[in-house]
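Visitor: Here you go, structure.cif (mmCIF, C-alpha atoms):
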data_query
#
loop_
_atom_site.group_PDB
_atom_site.id
_atom_site.type_symbol
_atom_site.label_atom_id
_atom_site.label_comp_id
_atom_site.auth_asym_id
_atom_site.auth_seq_id
_atom_site.Cartn_x
_atom_site.Cartn_y
_atom_site.Cartn_z
ATOM 1 C CA MET A 1 103.790 103.506 134.175
ATOM 2 C CA ALA A 2 102.155 105.328 131.254
ATOM 3 C CA ARG A 3 101.664 103.010 128.274
ATOM 4 C CA THR A 4 101.750 104.529 124.827
ATOM 5 C CA THR A 5 99.774 101.545 123.542
ATOM 6 C CA GLU A 6 96.871 102.774 125.708
ATOM 7 C CA SER A 7 97.231 106.452 124.802
ATOM 8 C CA ASP A 8 94.440 108.238 122.959
ATOM 9 C CA SER A 9 94.523 107.928 119.191
ATOM 10 C CA ASN A 10 95.959 110.789 117.167
ATOM 11 C CA TYR A 11 92.601 110.851 115.386
ATOM 12 C CA ASN A 12 89.115 111.537 116.689
ATOM 13 C CA HIS A 13 85.526 111.192 115.472
ATOM 14 C CA LEU A 14 86.473 108.105 113.475
ATOM 15 C CA GLU A 15 82.819 107.313 112.921
ATOM 16 C CA LYS A 16 82.470 110.546 110.939
ATOM 17 C CA MET A 17 85.328 109.775 108.546
ATOM 18 C CA SER A 18 84.696 108.582 105.000
ATOM 19 C CA VAL A 19 85.956 105.132 104.065
ATOM 20 C CA ILE A 20 88.784 106.624 102.006
ATOM 21 C CA ASP A 21 89.872 108.821 104.916
ATOM 22 C CA LEU A 22 89.795 105.847 107.283
ATOM 23 C CA LEU A 23 91.979 103.818 104.953
ATOM 24 C CA ILE A 24 94.428 106.649 104.275
ATOM 25 C CA ASN A 25 94.843 107.405 107.972
ATOM 26 C CA ILE A 26 95.226 103.749 108.988
ATOM 27 C CA ASN A 27 97.843 103.333 106.262
ATOM 28 C CA LYS A 28 99.601 106.485 107.435
ATOM 29 C CA GLU A 29 99.872 105.037 110.938
ATOM 30 C CA ASP A 30 101.027 101.656 109.604
ATOM 31 C CA ASN A 31 103.846 103.360 107.702
ATOM 32 C CA SER A 32 105.373 104.389 111.018
ATOM 33 C CA VAL A 33 105.875 100.796 112.177
ATOM 34 C CA PRO A 34 109.027 99.877 110.190
ATOM 35 C CA LYS A 35 110.672 103.106 111.348
ATOM 36 C CA ALA A 36 109.946 102.168 114.962
ATOM 37 C CA ILE A 37 111.411 98.701 114.413
ATOM 38 C CA GLU A 38 114.527 100.182 112.830
ATOM 39 C CA LYS A 39 115.391 101.714 116.198
ATOM 40 C CA SER A 40 115.435 98.216 117.730
ATOM 41 C CA ILE A 41 117.663 96.449 115.171
ATOM 42 C CA THR A 42 120.571 96.236 117.612
ATOM 43 C CA GLU A 43 118.398 94.592 120.265
ATOM 44 C CA ILE A 44 116.958 92.143 117.739
ATOM 45 C CA GLU A 45 120.495 91.244 116.635
ATOM 46 C CA LYS A 46 121.508 90.489 120.225
ATOM 47 C CA LEU A 47 118.565 88.130 120.682
ATOM 48 C CA VAL A 48 119.141 86.316 117.376
ATOM 49 C CA SER A 49 122.830 85.938 118.195
ATOM 50 C CA ALA A 50 121.878 84.343 121.533
ATOM 51 C CA ILE A 51 119.375 81.964 119.927
ATOM 52 C CA VAL A 52 121.520 80.587 117.088
ATOM 53 C CA PRO A 53 124.230 78.748 119.075
ATOM 54 C CA LYS A 54 121.603 77.207 121.342
ATOM 55 C CA MET A 55 119.599 75.908 118.396
ATOM 56 C CA LYS A 56 122.768 74.614 116.719
ATOM 57 C CA ALA A 57 123.299 72.614 119.902
ATOM 58 C CA GLY A 58 119.790 71.151 119.715
ATOM 59 C CA GLY A 59 117.816 73.778 121.618
ATOM 60 C CA ARG A 60 114.325 74.950 120.729
ATOM 61 C CA LEU A 61 112.671 78.347 120.369
ATOM 62 C CA PHE A 62 109.444 79.084 122.245
ATOM 63 C CA TYR A 63 107.071 82.003 121.740
ATOM 64 C CA MET A 64 104.632 82.844 124.540
ATOM 65 C CA GLY A 65 101.780 85.326 124.529
ATOM 66 C CA ALA A 66 98.113 86.007 125.152
ATOM 67 C CA GLY A 67 95.459 87.104 122.677
ATOM 68 C CA THR A 68 96.811 88.668 119.491
ATOM 69 C CA SER A 69 100.401 88.318 120.702
ATOM 70 C CA GLY A 70 99.969 84.609 121.362
ATOM 71 C CA ARG A 71 98.320 84.049 117.986
ATOM 72 C CA LEU A 72 101.140 85.834 116.172
ATOM 73 C CA GLY A 73 103.699 83.606 117.884
ATOM 74 C CA ILE A 74 101.762 80.518 116.848
ATOM 75 C CA VAL A 75 101.557 81.734 113.239
ATOM 76 C CA ASP A 76 105.308 82.309 113.025
ATOM 77 C CA ALA A 77 106.122 78.980 114.684
ATOM 78 C CA SER A 78 103.711 77.047 112.469
ATOM 79 C CA GLU A 79 105.256 78.491 109.315
ATOM 80 C CA CYS A 80 108.811 77.404 110.116
ATOM 81 C CA PRO A 81 108.403 73.692 109.220
ATOM 82 C CA PRO A 82 106.911 74.210 105.737
ATOM 83 C CA THR A 83 109.241 77.120 104.938
ATOM 84 C CA PHE A 84 112.507 75.735 106.261
ATOM 85 C CA GLY A 85 111.890 72.004 106.560
ATOM 86 C CA VAL A 86 112.512 71.900 110.315
ATOM 87 C CA PRO A 87 110.662 69.645 112.807
ATOM 88 C CA HIS A 88 107.431 71.031 114.269
ATOM 89 C CA GLU A 89 108.882 70.857 117.776
ATOM 90 C CA MET A 90 111.843 73.095 116.888
ATOM 91 C CA VAL A 91 109.872 76.367 117.068
ATOM 92 C CA VAL A 92 106.816 76.292 119.332
ATOM 93 C CA GLY A 93 104.077 78.857 119.888
ATOM 94 C CA ILE A 94 102.180 78.810 123.183
ATOM 95 C CA ILE A 95 99.087 80.906 123.917
ATOM 96 C CA ALA A 96 97.434 81.632 127.263
ATOM 97 C CA GLY A 97 94.255 79.571 127.457
ATOM 98 C CA GLY A 98 95.536 76.791 125.187
ATOM 99 C CA ASP A 99 94.580 75.937 121.624
ATOM 100 C CA TYR A 100 90.972 77.037 122.193
ATOM 101 C CA ALA A 101 92.291 80.587 122.632
ATOM 102 C CA ILE A 102 93.661 80.612 119.091
ATOM 103 C CA ARG A 103 90.132 81.220 117.793
ATOM 104 C CA LYS A 104 88.218 82.537 120.798
ATOM 105 C CA ALA A 105 89.181 84.651 123.786
ATOM 106 C CA VAL A 106 89.611 82.803 127.081
ATOM 107 C CA GLU A 107 88.626 85.093 129.930
ATOM 108 C CA PHE A 108 91.375 85.970 132.418
ATOM 109 C CA ALA A 109 93.793 83.363 130.980
ATOM 110 C CA GLU A 110 96.479 86.032 130.656
ATOM 111 C CA ASP A 111 96.235 86.961 134.339
ATOM 112 C CA ASP A 112 97.581 83.657 135.705
ATOM 113 C CA THR A 113 101.212 84.169 136.727
ATOM 114 C CA GLU A 114 101.937 80.438 137.130
ATOM 115 C CA GLN A 115 100.238 78.847 134.133
ATOM 116 C CA GLY A 116 102.870 79.965 131.629
ATOM 117 C CA TRP A 117 105.597 77.945 133.322
ATOM 118 C CA LYS A 118 103.243 74.970 133.667
ATOM 119 C CA ASP A 119 102.608 75.132 129.925
ATOM 120 C CA LEU A 120 106.354 75.168 129.225
ATOM 121 C CA LEU A 121 106.875 72.150 131.467
ATOM 122 C CA GLU A 122 104.656 70.124 129.135
ATOM 123 C CA TYR A 123 107.444 70.487 126.570
ATOM 124 C CA LYS A 124 110.158 69.482 129.051
ATOM 125 C CA ILE A 125 111.684 72.959 128.767
ATOM 126 C CA ASN A 126 115.377 73.088 129.710
ATOM 127 C CA GLU A 127 118.439 75.326 129.672
ATOM 128 C CA THR A 128 119.223 74.579 126.024
ATOM 129 C CA ASP A 129 116.003 76.360 124.962
ATOM 130 C CA THR A 130 115.094 80.012 124.431
ATOM 131 C CA VAL A 131 111.759 81.576 125.405
ATOM 132 C CA ILE A 132 110.489 84.822 123.870
ATOM 133 C CA GLY A 133 107.583 86.518 125.622
ATOM 134 C CA ILE A 134 105.299 88.575 123.372
ATOM 135 C CA ALA A 135 103.048 91.267 124.843
ATOM 136 C CA ALA A 136 102.200 94.646 123.364
ATOM 137 C CA SER A 137 101.568 96.092 126.817
ATOM 138 C CA GLY A 138 104.634 94.470 128.337
ATOM 139 C CA SER A 139 102.573 93.710 131.418
ATOM 140 C CA THR A 140 100.883 90.337 130.742
ATOM 141 C CA PRO A 141 101.182 88.256 133.967
ATOM 142 C CA TYR A 142 101.037 84.921 132.107
ATOM 143 C CA VAL A 143 104.141 85.851 130.110
ATOM 144 C CA ILE A 144 106.026 87.665 132.848
ATOM 145 C CA GLY A 145 105.575 84.799 135.307
ATOM 146 C CA ALA A 146 106.883 82.286 132.784
ATOM 147 C CA LEU A 147 109.981 84.348 131.973
ATOM 148 C CA GLU A 148 110.765 84.945 135.631
ATOM 149 C CA THR A 149 110.839 81.201 136.257
ATOM 150 C CA CYS A 150 112.862 80.619 133.090
ATOM 151 C CA ASN A 151 115.482 83.029 134.398
ATOM 152 C CA GLU A 152 115.620 81.130 137.686
ATOM 153 C CA LYS A 153 116.135 77.875 135.770
ATOM 154 C CA GLY A 154 118.932 79.240 133.577
ATOM 155 C CA ILE A 155 116.836 79.399 130.406
ATOM 156 C CA THR A 156 117.546 82.225 127.932
ATOM 157 C CA THR A 157 114.710 84.763 127.728
ATOM 158 C CA GLY A 158 113.766 87.546 125.347
ATOM 159 C CA CYS A 159 110.669 89.620 124.697
ATOM 160 C CA ILE A 160 108.828 91.729 122.155
ATOM 161 C CA SER A 161 106.774 94.571 123.620
ATOM 162 C CA CYS A 162 105.509 97.919 122.374
ATOM 163 C CA ASN A 163 106.000 100.051 125.496
ATOM 164 C CA LYS A 164 109.238 101.391 126.922
ATOM 165 C CA GLY A 165 110.303 100.414 130.425
ATOM 166 C CA SER A 166 107.817 97.561 130.810
ATOM 167 C CA LYS A 167 107.897 94.849 133.457
ATOM 168 C CA LEU A 168 108.292 92.272 130.691
ATOM 169 C CA ALA A 169 111.428 93.989 129.398
ATOM 170 C CA GLU A 170 112.735 94.164 132.951
ATOM 171 C CA VAL A 171 112.562 90.383 133.384
ATOM 172 C CA SER A 172 113.897 89.589 129.881
ATOM 173 C CA GLN A 173 117.578 88.989 129.263
ATOM 174 C CA PHE A 174 117.216 90.214 125.677
ATOM 175 C CA PRO A 175 114.347 92.734 125.544
ATOM 176 C CA ILE A 176 113.015 94.225 122.320
ATOM 177 C CA GLU A 177 110.805 97.278 122.798
ATOM 178 C CA VAL A 178 109.218 98.663 119.635
ATOM 179 C CA GLU A 179 107.311 101.791 120.616
ATOM 180 C CA VAL A 180 104.800 102.326 117.820
ATOM 181 C CA GLY A 181 102.768 104.965 119.638
ATOM 182 C CA PRO A 182 98.988 105.291 120.014
ATOM 183 C CA GLU A 183 96.804 102.995 117.952
ATOM 184 C CA PHE A 184 94.401 104.350 115.319
ATOM 185 C CA VAL A 185 91.563 102.951 117.405
ATOM 186 C CA THR A 186 92.622 103.723 120.962
ATOM 187 C CA GLY A 187 94.039 100.649 122.702
ATOM 188 C CA SER A 188 93.480 98.288 119.744
ATOM 189 C CA THR A 189 96.904 96.650 119.830
ATOM 190 C CA ARG A 190 95.919 94.201 117.094
ATOM 191 C CA MET A 191 96.774 97.083 114.744
ATOM 192 C CA LYS A 192 100.214 98.767 114.794
ATOM 193 C CA SER A 193 101.487 96.770 117.767
ATOM 194 C CA GLY A 194 100.417 93.507 116.151
ATOM 195 C CA THR A 195 102.042 94.525 112.872
ATOM 196 C CA ALA A 196 105.276 95.372 114.687
ATOM 197 C CA GLN A 197 105.283 92.046 116.525
ATOM 198 C CA LYS A 198 104.670 90.129 113.298
ATOM 199 C CA LEU A 199 107.507 91.925 111.514
ATOM 200 C CA VAL A 200 109.948 91.341 114.381
ATOM 201 C CA LEU A 201 108.992 87.660 114.580
ATOM 202 C CA ASN A 202 109.623 87.367 110.832
ATOM 203 C CA MET A 203 113.039 88.939 111.323
ATOM 204 C CA ILE A 204 113.962 86.670 114.212
ATOM 205 C CA SER A 205 112.859 83.336 112.754
ATOM 206 C CA THR A 206 114.132 84.051 109.241
ATOM 207 C CA SER A 207 117.531 85.270 110.464
ATOM 208 C CA VAL A 208 117.872 82.271 112.777
ATOM 209 C CA MET A 209 116.973 79.792 110.040
ATOM 210 C CA ILE A 210 119.407 81.373 107.592
ATOM 211 C CA GLN A 211 122.131 81.141 110.219
ATOM 212 C CA LEU A 212 121.215 77.475 110.692
ATOM 213 C CA GLY A 213 121.810 76.868 106.975
ATOM 214 C CA LYS A 214 118.185 76.485 105.942
ATOM 215 C CA VAL A 215 118.517 78.898 103.007
ATOM 216 C CA LYS A 216 120.971 78.644 100.110
ATOM 217 C CA GLY A 217 121.582 81.769 98.072
ATOM 218 C CA ASN A 218 118.126 83.241 98.548
ATOM 219 C CA LYS A 219 116.130 80.018 98.130
ATOM 220 C CA MET A 220 114.143 77.857 100.566
ATOM 221 C CA VAL A 221 116.044 74.679 99.704
ATOM 222 C CA ASP A 222 114.519 72.670 102.560
ATOM 223 C CA MET A 223 110.876 73.741 102.155
ATOM 224 C CA GLN A 224 108.190 71.084 102.445
ATOM 225 C CA LEU A 225 106.522 70.075 99.194
ATOM 226 C CA SER A 226 103.010 70.431 100.577
ATOM 227 C CA ASN A 227 101.167 71.590 97.438
ATOM 228 C CA ASN A 228 101.510 71.761 93.651
ATOM 229 C CA LYS A 229 102.719 75.366 93.739
ATOM 230 C CA LEU A 230 105.641 74.448 95.982
ATOM 231 C CA VAL A 231 106.446 71.363 93.912
ATOM 232 C CA ASP A 232 106.594 73.572 90.823
ATOM 233 C CA ARG A 233 108.762 76.126 92.611
ATOM 234 C CA GLY A 234 111.077 73.422 93.872
ATOM 235 C CA THR A 235 111.311 71.838 90.429
ATOM 236 C CA ARG A 236 112.422 75.110 88.907
ATOM 237 C CA MET A 237 114.972 75.573 91.673
ATOM 238 C CA VAL A 238 116.427 72.150 90.903
ATOM 239 C CA MET A 239 116.500 73.024 87.189
ATOM 240 C CA ASN A 240 118.392 76.245 87.938
ATOM 241 C CA GLN A 241 121.086 74.344 89.820
ATOM 242 C CA THR A 242 121.406 71.375 87.460
ATOM 243 C CA ASP A 243 121.197 70.552 83.755
ATOM 244 C CA LEU A 244 117.899 68.685 84.149
ATOM 245 C CA ASP A 245 114.726 69.395 82.190
ATOM 246 C CA TYR A 246 111.449 70.093 84.015
ATOM 247 C CA GLU A 247 110.093 66.530 84.173
ATOM 248 C CA SER A 248 113.440 65.035 85.212
ATOM 249 C CA ALA A 249 113.909 67.698 87.881
ATOM 250 C CA LYS A 250 110.385 67.142 89.179
ATOM 251 C CA SER A 251 110.836 63.382 89.325
ATOM 252 C CA LEU A 252 114.101 63.755 91.230
ATOM 253 C CA LEU A 253 112.562 66.310 93.592
ATOM 254 C CA LEU A 254 109.598 64.088 94.432
ATOM 255 C CA SER A 255 111.859 61.108 95.055
ATOM 256 C CA GLU A 256 114.322 63.010 97.258
ATOM 257 C CA GLY A 257 111.825 65.256 99.048
ATOM 258 C CA SER A 258 113.743 68.541 98.992
ATOM 259 C CA VAL A 259 115.648 70.831 96.657
ATOM 260 C CA ARG A 260 118.834 70.450 98.693
ATOM 261 C CA LYS A 261 118.768 66.633 98.587
ATOM 262 C CA SER A 262 117.817 66.602 94.912
ATOM 263 C CA VAL A 263 120.703 68.812 93.837
ATOM 264 C CA SER A 264 123.140 66.897 96.038
ATOM 265 C CA LYS A 265 121.980 63.570 94.596
ATOM 266 C CA HIS A 266 122.337 64.860 91.047
ATOM 267 C CA LEU A 267 125.844 66.180 91.683
ATOM 268 C CA VAL A 268 126.938 62.897 93.255
ATOM 269 C CA ASN A 269 125.474 60.870 90.413
ATOM 270 C CA ASN A 270 127.374 63.004 87.932
ATOM 271 C CA GLY A 271 130.659 62.901 89.808
ATOM 272 C CA GLN A 272 130.611 66.553 90.778
#
Would it be possible to restate this file's structure as structure tokens?

Guide:
Amino acid sequence: MARTTESDSNYNHLEKMSVIDLLININKEDNSVPKAIEKSITEIEKLVSAIVPKMKAGGRLFYMGAGTSGRLGIVDASECPPTFGVPHEMVVGIIAGGDYAIRKAVEFAEDDTEQGWKDLLEYKINETDTVIGIAASGSTPYVIGALETCNEKGITTGCISCNKGSKLAEVSQFPIEVEVGPEFVTGSTRMKSGTAQKLVLNMISTSVMIQLGKVKGNKMVDMQLSNNKLVDRGTRMVMNQTDLDYESAKSLLLSEGSVRKSVSKHLVNNGQ
């Protein structure tokens, strides 16, 4: 199967380009990514709609990938607890080669067809969970092997790939294929493909969390108060929803631990 992610770049003699030309051309290519994702909105909606009821029933969401794809899954998973106030085990990112591979490449880790399922077993994976395989090429054995076994075990599977008609899409119940075309540097899928995967992951996790009630209006009412900036933001959110001044709102927020709980406590105390 011909992979567009491996196709020759639309540009040549990159080493002869000026810095401004390099930046303009990279940006030009990046601008094509949202348009490619737009063509997959329906597929993304199907996957989100499959995830939400499972998570409402206590299921978890797993991302699996190798290299850049694995790292992007870990980034998205790690940002869910501070952003939405959910437990760390609710959204989990797994990378071929283990935690060491987050920073440094682990040779041939992505080629093991059985290790992915073994890694999922460490989390006591079951049919209430959903597993999304991430691979720009759509051919990563580590991911494909894991999803094949998930299907056999009755576990919901999805994928994010950047080639049409990939093996990964074939074994996924809810495939998402965002064909971004050749990379600026031929085969460097950390570029447009990585950007596409990051954007789709943002769409999936944010939509799921909103559906789970983790956002009110347009505010992160359950965010963790992990630094002064977030405490200040939360304080102002409490002020906007109550009649409290800054110091009173901040004191209530710090005692209750979240905007949602603070506002609820205030309303109860005032008979509202």

Visitor: For each of A:Ser18, A:Asn10, A:Asn151, A:Thr5, take the minimum atom-to-atom distance to Ala135 (chain A), counting all atoms listed in the file, then give the residue where this is smallest.

Guide: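 The shortest atom-to-atom distance to Ala135 (chain A) comes from A:Thr5.
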
Visitor: Would you please work out which residue, of A:His88, A:Arg103, A:Lys250, A:Lys164, is nearest to Thr235 (chain A) when using all atoms listed in the file?

Guide: A:Lys250

Visitor: Quick one: of A:Gly138, A:Gly154, A:Pro87, A:Gly257, who's nearest to Asn126 (chain A), counting all atoms listed in the file?

Guide: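 Nearest candidate to Asn126 (chain A) out of A:Gly138, A:Gly154, A:Pro87, A:Gly257: A:Gly154.
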
Visitor: To one decimal place in Å, what is the distance between CA of Met203 (chain A) and CA of Lys46 (chain A)?

Guide: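 Atom-to-atom, CA of Met203 (chain A) and CA of Lys46 (chain A) are spaced 12.4 Å apart.
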
Visitor: What would the selection look like, as a list in words, if the PyMOL selection byres ((chain A and resi 243-249) around 12) were run on the coordinates I just shared?

Guide: Val231, Asp232, Arg233, Gly234, Thr235, Arg236, Met237, Val238, Met239, Asn240, Gln241, Thr242, Lys250, Ser251, Leu252, Leu253, Leu254, Ser255, Glu256, Gly257, Ser258, Val259, Lys261, Ser262, Val263, Lys265, His266, Leu267 and Asn270 of chain A

Visitor: Taking all atoms listed in the file into account, which of A:Ser9, A:Gln211, A:Ser40, A:Thr189 comes nearest Ser69 (chain A)?

Guide: A:Thr189

Visitor: Report the distance between CA of Trp117 (chain A) and CA of Glu148 (chain A) in Å, rounded to one decimal place.

Guide: 9.0 Å

Visitor: Determine the nearest neighbour of Lys28 (chain A) from the options A:Val178, A:Lys16, A:Tyr11, A:Gly65, counting all atoms listed in the file.

Guide: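 Residue with the minimum atom-to-atom distance to Lys28 (chain A): A:Tyr11.
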